[in-house]
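Report on one structure; see the data block that follows.
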2 protein chains.
Amino acid sequence: MRSFGLFLLALTLSAAHADEGMWQPHQLPKISEQLQAAGLEINPESMQRLDQFPMNAIISLGGCTASFVSPEGLIVTNHHCVYGSIAYNSTPEQNLLQDGFVAADKSKEIQASPGTRVYVTEEVTEVTDTVLDVANGAQQGEAYYQAIEQNKKRLVAACESSQDYRCEVYTFHGGASYFLIRYLAIRDVRLVYAPPSSIGKFGGDTDNWMWPRHTGDWGFYRAYVGADGLPADYDPANQPYTPAAHFSVNKEGLAEDDFVMVLGYPGRTNRYRTALEVQNQFEWAYPTAKQYREDYIEVIKSVAAAGSEARLKYENTIAGLANYAKNYGSMITSYRKGSLLQDKQTLERNVLAWIESDETRRQRFGMAYTHLEHLLTEELQHQERDLLLAYMGRTNLWSVATRLLKLAHEREKPDLERDSGYQERDMARFAQGLQSLDRRYDADVDVAVLLHFFSLYQGLPAAERVGELDEFFGLNDRQDLGALQTKLQSMHARTDLDEAAVRLQWMEASLAEFESSNDPYIQFARALWSYNHQIEQKNKALAGELLKARPLWMQAILAYKESVGEPVYADANSSLRITYGTVTGYSPQDGLIAVPFTTAEGMLAKYVPGDDEFDLPEPLRRAIAARDYYEYSDRTLGSIAINYLTTVDITGGNSGSPTLNSRAEFVGLAFDSVYESVIGDWSYDPNMNRTIHVSSPYMLWTMKYIDGAAHLLDEMTLVNNPE
Amino acid sequence: MRSFGLFLLALTLSAAHADEGMWQPHQLPKISEQLQAAGLEINPESMQRLDQFPMNAIISLGGCTASFVSPEGLIVTNHHCVYGSIAYNSTPEQNLLQDGFVAADKSKEIQASPGTRVYVTEEVTEVTDTVLDVANGAQQGEAYYQAIEQNKKRLVAACESSQDYRCEVYTFHGGASYFLIRYLAIRDVRLVYAPPSSIGKFGGDTDNWMWPRHTGDWGFYRAYVGADGLPADYDPANQPYTPAAHFSVNKEGLAEDDFVMVLGYPGRTNRYRTALEVQNQFEWAYPTAKQYREDYIEVIKSVAAAGSEARLKYENTIAGLANYAKNYGSMITSYRKGSLLQDKQTLERNVLAWIESDETRRQRFGMAYTHLEHLLTEELQHQERDLLLAYMGRTNLWSVATRLLKLAHEREKPDLERDSGYQERDMARFAQGLQSLDRRYDADVDVAVLLHFFSLYQGLPAAERVGELDEFFGLNDRQDLGALQTKLQSMHARTDLDEAAVRLQWMEASLAEFESSNDPYIQFARALWSYNHQIEQKNKALAGELLKARPLWMQAILAYKESVGEPVYADANSSLRITYGTVTGYSPQDGLIAVPFTTAEGMLAKYVPGDDEFDLPEPLRRAIAARDYYEYSDRTLGSIAINYLTTVDITGGNSGSPTLNSRAEFVGLAFDSVYESVIGDWSYDPNMNRTIHVSSPYMLWTMKYIDGAAHLLDEMTLVNNPE
């Protein structure tokens with residue numbers, strides 16, 4: 001047998017040139033040589049143009065990425081990205097989540113959940129000058145912030161010529177540049193096919209962020225438009241949208257060391273934060289938030305017994321809390337083991353020395369770092385109080401009442417001057433949020449959660465206490481949670497905000513109506529208003545200063561990096577990016593190697609009959625036991641490749657992104673990262689950063705031989721690898 | 001980069017000829033060709049003789065294995081095998097467990113914990129005929145059992161000519177053959193060196209049964225004898241024992257695929273149990289016992305808060321309960337994934353068909369299987385009640401009172417007729433057990449544990465209830481745990497058995513004194529006596545029948561296996577065995593490969609400052625950070641090999657066994673198995689069965705450069721690999 005020790009060494013060496021970076025399409029000229037050296041076979045130039053293949057086959061779902069895979073508007077994305085639509089169409093009698101869903105033909109396709117949109121990126125325009133063009137008097141603090149915000153809103157308003165378009169201004173490098181992106185917004189979106197959860201969510205929370213992985217995380221939508229080819233409201237007479245391009249689907253998938261590329265909309269990374277921010281985040285914020293989340297879950301569980309109606313309402317909340325508690329745990333561990341802080345400190349020392357060594361640079365950037373650090377220190381000054389209040393604000397009625405009162409205030413202003421989230425364009429989503437609250441609210445649970453956080457609040461130093469809060473709840477230095485509990489219970493008993501219709505009515509209410517209301521939660525929101533407003537003003541003022549300070553420091557870093565010949569990509573900000581890499585395993589820890597493919601037999605070995613997370617459909621199990629893999633069997637593996645690992649650099653928002661091979665053929669979907677690379681949002685480690693994908697052969701095999709969705713293969717362009 | 005997928009395949013193929021078997025020395029002629037083919041370089045014939053090298057360098061510690069590594073009686077074994085002696089010599093002021101211990105010279109070596117013995121195997125005699133020679137009237141049930149027991153005791157008594165010797169009769173194949181083994185019992189044993197727990201127990205319970213592993217599980221004793229060279233009580237004037245042989249210690253250790261051999265005293269395996277026993281064990285007994293253990297721990301924790309004095313007393317109990325709950329969990333998982341039951345059923349079908357196909361075989365073995373199955377079914381009839389009572393019997397005073405009363409009864413009989421454990425030769429250990437109870441007993445905890453198991457007992461069907469128990473505690477069908485709790489608390493408050501001196505006095509008490517005692521726990525033992533006695537008689541009768549039935553069926557299996565050319569080894573029974581294999585990794589699950597070596601850097605990556613389990617001594621960390629490995633650096637790994645994996649077939653009792661290379665040089669110590677091979681006691685899977693060893697280079701490096709024990713290297717015979 002061969003030496004595993006040597007493999008490990010080989011891995012480390014190879015990983016050293018794995019490719020970090022989430023590149024904007026316009027940056028492609030800078031990295032086209034790298035891309036071709038890595039194995040890209042198509043012309044990299046073609047990827048600069050959003051109206052050309054492959055970029056014009058990429059879609060945003062707002063939070064997830066997707067892509068066209070047929071000329072008839074068929075869209076593939078992750079199961080967890082279409083999950084809301086499956087859940088929305090599920091009933092106790094027809095449990096689509098459990099059983100999966102296949103529309104036998106187009107007429108059987110069902111409406112996606114309300115608000116589902118398909119966003120096709122049509123135009124990207126750099127608007128830095130327009131955004132930064134502010135009047136003389138508006139160059140400080142809140143005024144600067146508001147001026148920038150209004151410039152962005154004006155650009156968006158002008159761009160959103162009709163409801164067929166949605167526009168966004170994206171901030172790059174903390175404010176150094178701005179881009180306006182216009183999307184075609186298709187609003188008749190239908191669910192075509194989703195596997196049963198025992199395939200689509202196989203492994204559940206246990207396997208979340210974990211390798212080895214065997215999740216069939218895919219689902220299909222179709223985009224429909226009116227007879228004129230433009231977006232339209234749902235109408236049975238609408239026609240499938242004809243995309244400008246679609247991806248061919250490769251039947252054979254990938255082999256180890258193959259080139260891969262992922263196109264998508266990564267949400268947010270923090271790769272350029274300062275050492276001060278990094279240290280605070282990993283040594284205070286994540287550990288504290290992890291504890292708060294674990295406490296929050298404990299409190300829910302202690303009040304809502306497993307299986308109770310209340311517990312069912314909070315399962316999603318618990319999953320969300322647990323998910324990020326685990327996420328933070330991974331990051332804290334990686335931080336402790338790694339050198340993120342030291343790397344930041346070294347970079348900052350180098351940049352400062354580089355600035356110091358040149359008079360022009362000294363003049364331009366001399367105070368950039370000190371000024372930024374000063375603002376950041378100010379930002380963190382009350383973080384303990386702020387984090388506590390933020391977790392209290394996660395309870396349902398606290399949040400609803402506060403947001404409704406803010407809406408009434410914002411509605412006094414012209415639309416363009418309102419805070420984002422409170423403009424007319426946001427109202428449909430706002431209403432949906434209010435409506436769905438019933439499904440996740442139980443008074444006893446929210447009261448218990450509030451009590452828990454109040455008990456922590458009582459421990460804050462006197463200077464950090466919020467007078468308005470103390471006064472409203474009659475709090476003082478002594479711990480008297482009994483009285484507080486009575487007060488909260490009474491509020492929850494008397495409020496009408498637990499009725500959806502009432503909540504929706506308050507969306508239209510005037511400030512005067514808020515003033516005269518006897519609803520205890522409306523009164524609460526009123527009592528907190530001045531405090532909240534004052535904090536918002538302060539935050540905006542600080543944000544305004546940061547919008548100048550951070551870009552200046554970023555420009556110093558960019559100039560420094562350019563001086564040492566390192567191309568720089570911007571932090572993720574939900575705009576379209578390209579990342580590439582190779583199929584390869586890694587060593588999660590000394591003594592272990594994660595190999596880059598999992599197999600069908602490995603999936604069957606995880607099967608636990610009737611388990612929430614590890615059940616598998618009987619036809620799938622039978623086919624694997626019989627090794628009925630047909631044309632989808634992988635010769636190297638002697639099985640079907642289920643999931644695979646690559647070095648591509650992604651984050652949340654990339655979910656559902658097509659994975660493409662060197663010929664830009666679809667070879668699967670990115671859907672997760674391994675546990676050791678959760679810290680990737682802060683720093684990319686070539687030895688540990690691995691993305692998990694579901695393979696195209698597994699998808700096609702399941703559709704054709706297990707789930708009865710063979711007809712969808714007929715409308716795809718299926719291809720094999722060249723001989 | 002190379003393909004990990006292919007490595008996986010290679011691994012599977014290679015593992016298929018890894019070697020199962022715990023061989024008796026006298027079986028070596030049968031496997032000497034295999035051994036040489038596998039890579040053994042010394043003459044296999046030499047290993048048949050207990051008085052020749054290497055067998056004469058192997059020692060039993062009674063529960064652990066050890067070996068001589070110097071001509072001056074220096075003994076190496078696992079840290080966890082000398083743990084009791086380190087703990088015994090530790091004080092709050094001088095915490096040897098935490099700090100480790102190195103005797104600067106022989107005069108500084110300290111006494112091992114009371115009862116520590118070094119057993120050197122001197123003679124093995126087959127005694128099957130003598131043991132099975134029973135009088136005509138004693139051929140059934142209990143009489144047969146007692147006759148066999150007495151034959152064994154007579155052999156032992158004759159063999160134990162002085163306190164310098166200990167003898168045991170070992171049962172092979174469930175009673176098909178018997179061997180008498182005579183050990184020289186050295187009783188002046190001294191602690192020479194043990195690393196700090198942060199090396200010797202590194203990884204703690206978290207890493208127990210786990211790979212990757214980085215535990216420095218070693219410790220050193222020295223055997224001392226009187227001026228006459230014979231065993232003697234401790235005396236500063238005693239001299240180091242001169243062993244007939246000792247192992248050379250290899251400084252370079254092993255490489256992947258190297259031959260290894262482990263000599264030792266494996267405790268117990270169940271590889272020849274029937275399908276009925278296997279199914280019951282894995283589908284009822286292990287799952288139930290796992291639950292009982294988890295409950296037991298929960299109850300202890302709920303009564304004894306973390307850090308309390310009571311909790312400290314129960315930490316060992318908790319660790320023991322948790323250890324086997326985890327063990328059972330692994331076995332249940334492996335059983336569900338594997339084919340153990342089907343394999344058993346197939347073997348039984350084959351053997352039965354083979355018997356059926358021949359008249360002579362039919363006559364000899366025709367009823368063997370049916371008869372055995374009948375007895376086994378009878379044995380399992382009351383298992384739920386029996387298991388519950390067994391867990392109640394784990395509480396301290398219940399156990400002590402019951403055993404003391406039984407001792408009084410046994411002491412009425414001549415020594416040879418007493419049950420084993422109650423003979424004169426057992427009394428020193430008996431007294432030690434009584435004495436040490438104070439360190440692990442708290443009344444509130446034991447009462448709570450009893451209450452918990454009583455609540456389960458109350459759920460038994462009426463027919464399974466124990467009249468004597470119900471009567472003593474006033475139990476009836478209704479759950480009235482309140483009254484029971486009062487009764488138990490009162491018993492624990494009034495008993496004097498919580499005083500060590502009182503317990504020791506009861507060892508000498510007559511039955512009449514038991515009859516007249518007012519001690520509530522003595523009264524309890526008296527009340528249960530008739531029930532316990534009757535169950536014992538029943539069990540002995542059944543054991544007697546099984547002592548005939550099981551060997552007959554085993555002989556059928558042996559004859560069948562011989563007919564198909566398979567050499568057969570007997571189940572482990574604490575007698576000396578040889579197992580061999582190779583250094584190799586494995587795939588714990590689809591998508592992951594465990595490589596066969598861990599490294600010093602990997603250990604440092606696990607370091608958590610001040611953690612109970614993952615702390616590391618500062619000099620060790622400093623040396624690793626500086627890569628100060630000197631002559632112990634492994635060229636392939638570019639580091640020091642800490643732990644490694646092999647395919648050797650071991651079980652509990654093998655702890656501390658020397659691992660030998662092809663030249664019978666010491667290359668480390670076996671100390672654990674991986675989680676996936678815990679089921680190995682029931683079946684050996686060449687793909688999953690891996691033993692974990694600590695490497696000789698890591699031991700020597702630590703002794704020389706970290707722990708200040710370089711002088712011990714001076715008395716060893718250190719060797720390198722041939723050029």
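Ordering of the structure tokens sets the chain letters (A, B, ...), residue numbers begin anew at 1 in every chain, and ligands are numbered from 1 in the order given.
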
Please determine the contact residues of chain B with respect to chain A at a cut-off of 6 Å, counting only C-alpha atoms, and supply them as JSON, numbers by chain. {"B": [4, 212, 590, 591, 592, 593, 594, 595, 598, 602]}

Restricted to all heavy atoms, what would the selected residues look like written as a PDB file, in the first residue's frame?
ATOM      1  N   PHE B   4      -7.146  10.423  -4.159  1.00  0.00           N
ATOM      2  CA  PHE B   4      -7.522   9.851  -2.870  1.00  0.00           C
ATOM      3  C   PHE B   4      -8.483   8.689  -3.065  1.00  0.00           C
ATOM      4  O   PHE B   4      -8.502   7.747  -2.308  1.00  0.00           O
ATOM      5  CB  PHE B   4      -8.190  10.899  -1.992  1.00  0.00           C
ATOM      6  CG  PHE B   4      -7.221  11.896  -1.472  1.00  0.00           C
ATOM      7  CD1 PHE B   4      -7.297  13.219  -1.832  1.00  0.00           C
ATOM      8  CD2 PHE B   4      -6.203  11.489  -0.642  1.00  0.00           C
ATOM      9  CE1 PHE B   4      -6.396  14.142  -1.342  1.00  0.00           C
ATOM     10  CE2 PHE B   4      -5.299  12.403  -0.147  1.00  0.00           C
ATOM     11  CZ  PHE B   4      -5.394  13.725  -0.505  1.00  0.00           C
ATOM     12  N   PRO B 212      -8.241  10.742  15.155  1.00  0.00           N
ATOM     13  CA  PRO B 212      -6.801  10.844  15.463  1.00  0.00           C
ATOM     14  C   PRO B 212      -6.532  10.934  16.962  1.00  0.00           C
ATOM     15  O   PRO B 212      -7.306  11.523  17.697  1.00  0.00           O
ATOM     16  CB  PRO B 212      -6.395  12.149  14.788  1.00  0.00           C
ATOM     17  CG  PRO B 212      -7.514  12.509  13.873  1.00  0.00           C
ATOM     18  CD  PRO B 212      -8.727  11.909  14.431  1.00  0.00           C
ATOM     19  N   ASP B 590     -17.269   6.445   4.586  1.00  0.00           N
ATOM     20  CA  ASP B 590     -17.197   6.935   3.220  1.00  0.00           C
ATOM     21  C   ASP B 590     -16.789   8.409   3.222  1.00  0.00           C
ATOM     22  O   ASP B 590     -17.393   9.215   3.919  1.00  0.00           O
ATOM     23  CB  ASP B 590     -18.587   6.786   2.583  1.00  0.00           C
ATOM     24  CG  ASP B 590     -18.615   7.259   1.146  1.00  0.00           C
ATOM     25  OD1 ASP B 590     -17.676   6.922   0.397  1.00  0.00           O
ATOM     26  OD2 ASP B 590     -19.586   7.945   0.764  1.00  0.00           O
ATOM     27  N   GLY B 591     -15.742   8.745   2.447  1.00  0.00           N
ATOM     28  CA  GLY B 591     -15.335  10.144   2.355  1.00  0.00           C
ATOM     29  C   GLY B 591     -14.206  10.537   3.289  1.00  0.00           C
ATOM     30  O   GLY B 591     -13.735  11.660   3.229  1.00  0.00           O
ATOM     31  N   LEU B 592     -13.788   9.625   4.169  1.00  0.00           N
ATOM     32  CA  LEU B 592     -12.726   9.926   5.131  1.00  0.00           C
ATOM     33  C   LEU B 592     -11.713   8.796   5.180  1.00  0.00           C
ATOM     34  O   LEU B 592     -12.085   7.623   5.101  1.00  0.00           O
ATOM     35  CB  LEU B 592     -13.294  10.065   6.546  1.00  0.00           C
ATOM     36  CG  LEU B 592     -13.813  11.414   7.008  1.00  0.00           C
ATOM     37  CD1 LEU B 592     -14.170  11.319   8.485  1.00  0.00           C
ATOM     38  CD2 LEU B 592     -12.811  12.535   6.790  1.00  0.00           C
ATOM     39  N   ILE B 593     -10.447   9.146   5.318  1.00  0.00           N
ATOM     40  CA  ILE B 593      -9.406   8.148   5.537  1.00  0.00           C
ATOM     41  C   ILE B 593      -8.619   8.533   6.788  1.00  0.00           C
ATOM     42  O   ILE B 593      -8.211   9.687   6.940  1.00  0.00           O
ATOM     43  CB  ILE B 593      -8.454   8.077   4.328  1.00  0.00           C
ATOM     44  CG1 ILE B 593      -9.172   7.412   3.147  1.00  0.00           C
ATOM     45  CG2 ILE B 593      -7.193   7.276   4.676  1.00  0.00           C
ATOM     46  CD1 ILE B 593      -8.322   7.318   1.912  1.00  0.00           C
ATOM     47  N   ALA B 594      -8.457   7.552   7.687  1.00  0.00           N
ATOM     48  CA  ALA B 594      -7.573   7.735   8.834  1.00  0.00           C
ATOM     49  C   ALA B 594      -6.194   7.282   8.407  1.00  0.00           C
ATOM     50  O   ALA B 594      -6.016   6.130   8.001  1.00  0.00           O
ATOM     51  CB  ALA B 594      -8.066   6.918  10.019  1.00  0.00           C
ATOM     52  N   VAL B 595      -5.215   8.189   8.460  1.00  0.00           N
ATOM     53  CA  VAL B 595      -3.841   7.817   8.107  1.00  0.00           C
ATOM     54  C   VAL B 595      -3.185   7.182   9.335  1.00  0.00           C
ATOM     55  O   VAL B 595      -3.602   7.426  10.458  1.00  0.00           O
ATOM     56  CB  VAL B 595      -3.034   9.032   7.598  1.00  0.00           C
ATOM     57  CG1 VAL B 595      -3.653   9.565   6.318  1.00  0.00           C
ATOM     58  CG2 VAL B 595      -2.958  10.121   8.644  1.00  0.00           C
ATOM     59  N   THR B 598      -0.014   9.820  13.657  1.00  0.00           N
ATOM     60  CA  THR B 598      -0.233  11.215  14.027  1.00  0.00           C
ATOM     61  C   THR B 598       1.118  11.829  14.389  1.00  0.00           C
ATOM     62  O   THR B 598       2.081  11.116  14.675  1.00  0.00           O
ATOM     63  CB  THR B 598      -1.184  11.365  15.222  1.00  0.00           C
ATOM     64  OG1 THR B 598      -0.694  10.594  16.324  1.00  0.00           O
ATOM     65  CG2 THR B 598      -2.583  10.890  14.859  1.00  0.00           C
ATOM     66  N   GLY B 602       0.387  17.823  15.134  1.00  0.00           N
ATOM     67  CA  GLY B 602      -1.047  17.552  15.286  1.00  0.00           C
ATOM     68  C   GLY B 602      -1.457  17.577  16.752  1.00  0.00           C
ATOM     69  O   GLY B 602      -2.561  18.012  17.098  1.00  0.00           O
TER      70      GLY B 602
END

message = At a cut-off of 9 Å, using only C-alpha atoms, what residues contact stretch 616-629 of chain B? Leave out same-chain residues fewer than 3 positions from it and give the result as JSON, numbers by chain.
response = {"B": [196, 197, 198, 199, 202, 600, 601, 603, 604, 607, 608, 609, 610, 611, 613, 632, 633, 634, 639, 640, 701, 702, 705, 706, 707]}

task = Write out as a PyMOL selection string which residues come within 12 Å of stretch 144-152 of chain A when counting only C-alpha atoms, dropping same-chain ones fewer than 2 positions away.
result = chain A and resi 126-142+154-159+167-171+175+177-181+414-420+536-548

Just list as a list of chain:residue names whatever in stretch 485-523 of chain B DSSP marks as helix (DSSP H, G or I).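 DSSP on the backbone gives helix (DSSP H, G or I) at B:Gln485, B:Thr486, B:Lys487, B:Leu488, B:Gln489, B:Ser490, B:Met491, B:His492, B:Ala493, B:Arg494, B:Ala500, B:Ala501, B:Val502, B:Arg503, B:Leu504, B:Gln505, B:Trp506, B:Leu511, B:Ala512, B:Glu513, B:Phe514, B:Glu515, B:Ser516, B:Pro520, B:Tyr521, B:Ile522, B:Gln523.
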
Review point. Just how far from atom CA of A:Thr77 is atom CA of A:Asp217, in Å to one decimal?
Key: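 If I compute the distance from atom CA of A:Asp217 to atom CA of A:Thr77, I get 8.2 Å.
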
Please, which residues of stretch 118-341 of chain A, numbered as in this document, come out strand (DSSP E) from DSSP, as a ChimeraX atom specification? /A:118-126,165-172,177-186,188-194,219-225,239-240,249-250,259-264

Would you mind listing what lies within 8 Å of A:Ser683 as an MDAnalysis selection string, with only C-alpha atoms counted and same-chain residues fewer than 4 positions away left out? chainID A and resid 270:271 340 679

When you look at stretch 346-350 of chain B with a cut-off of 12 Å (counting only C-alpha atoms), what residues show up, excluding the ones that are within fewer than 6 positions of it in the same chain? I need them as a compact mmCIF listing (two decimals) with N, CA, C and O atoms, in the first residue's frame.
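Saved to result-v8.txt:
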# COMPACT_ATOMS: atom_id res chain seq x y z
N TYR B 272 -17.44 -16.54 19.49
CA TYR B 272 -18.11 -17.81 19.14
C TYR B 272 -19.50 -17.91 19.74
O TYR B 272 -20.04 -19.00 19.85
N ARG B 273 -20.08 -16.75 20.12
CA ARG B 273 -21.45 -16.79 20.63
C ARG B 273 -22.41 -17.16 19.50
O ARG B 273 -22.11 -16.95 18.32
N THR B 274 -23.59 -17.67 19.88
CA THR B 274 -24.56 -18.09 18.86
C THR B 274 -25.36 -16.89 18.35
O THR B 274 -25.35 -15.81 18.96
N ALA B 275 -26.07 -17.08 17.25
CA ALA B 275 -26.89 -16.02 16.66
C ALA B 275 -27.91 -15.52 17.69
O ALA B 275 -28.16 -14.32 17.81
N LEU B 276 -28.47 -16.45 18.45
CA LEU B 276 -29.45 -16.08 19.47
C LEU B 276 -28.82 -15.12 20.49
O LEU B 276 -29.39 -14.08 20.84
N SER B 339 -22.92 -7.05 9.31
CA SER B 339 -23.65 -8.28 9.01
C SER B 339 -23.36 -9.36 10.05
O SER B 339 -23.44 -10.55 9.75
N LEU B 340 -23.02 -8.93 11.27
CA LEU B 340 -22.65 -9.90 12.31
C LEU B 340 -23.72 -10.98 12.48
O LEU B 340 -23.41 -12.19 12.45
N GLU B 356 -25.54 -32.66 9.56
CA GLU B 356 -26.67 -33.45 9.05
C GLU B 356 -26.23 -34.41 7.94
O GLU B 356 -26.81 -35.48 7.77
N SER B 357 -25.16 -34.03 7.22
CA SER B 357 -24.78 -34.79 6.02
C SER B 357 -23.95 -36.04 6.35
O SER B 357 -23.49 -36.72 5.44
N ALA B 368 -26.58 -31.02 19.66
CA ALA B 368 -25.75 -30.01 20.32
C ALA B 368 -26.36 -28.61 20.22
O ALA B 368 -26.51 -27.90 21.22
N TYR B 369 -26.75 -28.23 19.00
CA TYR B 369 -27.23 -26.87 18.78
C TYR B 369 -28.56 -26.63 19.49
O TYR B 369 -28.72 -25.65 20.22
N THR B 370 -29.50 -27.55 19.28
CA THR B 370 -30.83 -27.39 19.88
C THR B 370 -30.72 -27.31 21.40
O THR B 370 -31.37 -26.48 22.05
N GLU B 373 -29.21 -23.94 22.46
CA GLU B 373 -30.18 -22.86 22.28
C GLU B 373 -31.23 -22.91 23.37
O GLU B 373 -31.68 -21.87 23.88
N TRP B 553 -21.02 -28.00 21.09
CA TRP B 553 -21.30 -27.18 19.90
C TRP B 553 -20.01 -26.55 19.37
O TRP B 553 -19.78 -26.50 18.15
N MET B 554 -19.12 -26.12 20.29
CA MET B 554 -17.84 -25.55 19.86
C MET B 554 -17.00 -26.59 19.12
O MET B 554 -16.34 -26.29 18.12
N ALA B 556 -18.17 -29.01 17.40
CA ALA B 556 -18.75 -29.14 16.06
C ALA B 556 -18.22 -28.02 15.16
O ALA B 556 -17.80 -28.27 14.02
N ILE B 557 -18.19 -26.80 15.70
CA ILE B 557 -17.68 -25.67 14.90
C ILE B 557 -16.20 -25.89 14.56
O ILE B 557 -15.78 -25.70 13.41
N LEU B 558 -15.43 -26.31 15.56
CA LEU B 558 -13.99 -26.53 15.33
C LEU B 558 -13.77 -27.59 14.26
O LEU B 558 -12.94 -27.43 13.36
N TYR B 560 -15.88 -28.52 11.95
CA TYR B 560 -16.32 -27.98 10.66
C TYR B 560 -15.25 -27.07 10.07
O TYR B 560 -14.89 -27.17 8.90
N LYS B 561 -14.69 -26.18 10.91
CA LYS B 561 -13.69 -25.23 10.43
C LYS B 561 -12.43 -26.00 9.97
O LYS B 561 -11.81 -25.63 8.96
N SER B 563 -12.45 -28.90 8.73
CA SER B 563 -12.79 -29.55 7.46
C SER B 563 -12.67 -28.58 6.29
O SER B 563 -12.45 -28.99 5.16
N VAL B 564 -12.83 -27.26 6.56
CA VAL B 564 -12.68 -26.29 5.46
C VAL B 564 -11.32 -25.59 5.54
O VAL B 564 -11.09 -24.60 4.83

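Using only C-alpha atoms, the contacts of A:Val678 at a cut-off of 7 Å, with sequence neighbours closer than 5 positions omitted, comprise Asn327, Ser330, Met331 and Ser673 of chain A.
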
Write out as a PDB file with N, CA and C atoms, in the first residue's frame which residues come within 12 Å of A:Gly459 when counting only C-alpha atoms, dropping same-chain ones fewer than 6 positions away.
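Below is the file out11.pdb, written as the result:
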ATOM      1  N   GLU A 384     -22.037  45.402  24.570  1.00  0.00           N
ATOM      2  CA  GLU A 384     -22.683  44.410  25.421  1.00  0.00           C
ATOM      3  C   GLU A 384     -24.175  44.728  25.529  1.00  0.00           C
ATOM      4  N   ARG A 385     -24.475  45.999  25.849  1.00  0.00           N
ATOM      5  CA  ARG A 385     -25.866  46.435  25.911  1.00  0.00           C
ATOM      6  C   ARG A 385     -26.545  46.240  24.554  1.00  0.00           C
ATOM      7  N   LEU A 388     -27.373  42.597  23.841  1.00  0.00           N
ATOM      8  CA  LEU A 388     -28.496  42.128  24.663  1.00  0.00           C
ATOM      9  C   LEU A 388     -29.818  42.622  24.104  1.00  0.00           C
ATOM     10  N   HIS A 452     -35.212  35.896  30.442  1.00  0.00           N
ATOM     11  CA  HIS A 452     -33.817  35.466  30.510  1.00  0.00           C
ATOM     12  C   HIS A 452     -32.877  36.619  30.174  1.00  0.00           C
ATOM     13  N   PHE A 453     -33.176  37.311  29.083  1.00  0.00           N
ATOM     14  CA  PHE A 453     -32.256  38.385  28.690  1.00  0.00           C
ATOM     15  C   PHE A 453     -32.353  39.585  29.639  1.00  0.00           C
ATOM     16  N   ARG A 465     -27.350  51.059  31.409  1.00  0.00           N
ATOM     17  CA  ARG A 465     -28.787  50.773  31.420  1.00  0.00           C
ATOM     18  C   ARG A 465     -29.546  51.805  30.601  1.00  0.00           C
ATOM     19  N   LEU A 475     -38.051  48.697  36.225  1.00  0.00           N
ATOM     20  CA  LEU A 475     -36.849  47.971  36.676  1.00  0.00           C
ATOM     21  C   LEU A 475     -35.991  48.856  37.562  1.00  0.00           C
ATOM     22  N   ASN A 476     -35.328  48.243  38.509  1.00  0.00           N
ATOM     23  CA  ASN A 476     -34.327  48.974  39.282  1.00  0.00           C
ATOM     24  C   ASN A 476     -33.148  48.044  39.534  1.00  0.00           C
ATOM     25  N   ASP A 477     -32.287  48.450  40.430  1.00  0.00           N
ATOM     26  CA  ASP A 477     -31.061  47.673  40.623  1.00  0.00           C
ATOM     27  C   ASP A 477     -31.319  46.267  41.124  1.00  0.00           C
ATOM     28  N   ARG A 478     -32.377  46.110  41.921  1.00  0.00           N
ATOM     29  CA  ARG A 478     -32.622  44.794  42.492  1.00  0.00           C
ATOM     30  C   ARG A 478     -33.177  43.849  41.428  1.00  0.00           C
ATOM     31  N   GLN A 479     -32.798  42.603  41.504  1.00  0.00           N
ATOM     32  CA  GLN A 479     -33.353  41.580  40.613  1.00  0.00           C
ATOM     33  C   GLN A 479     -34.768  41.306  41.079  1.00  0.00           C
TER      34      GLN A 479
END

Can you work out which one of A:Ala559, A:Ala572, A:Val76, A:Leu97 has the shortest atom-to-atom distance to A:Ile58, counting only C-alpha atoms?
->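 Counting only C-alpha atoms, the residue closest to A:Ile58 is A:Val76.
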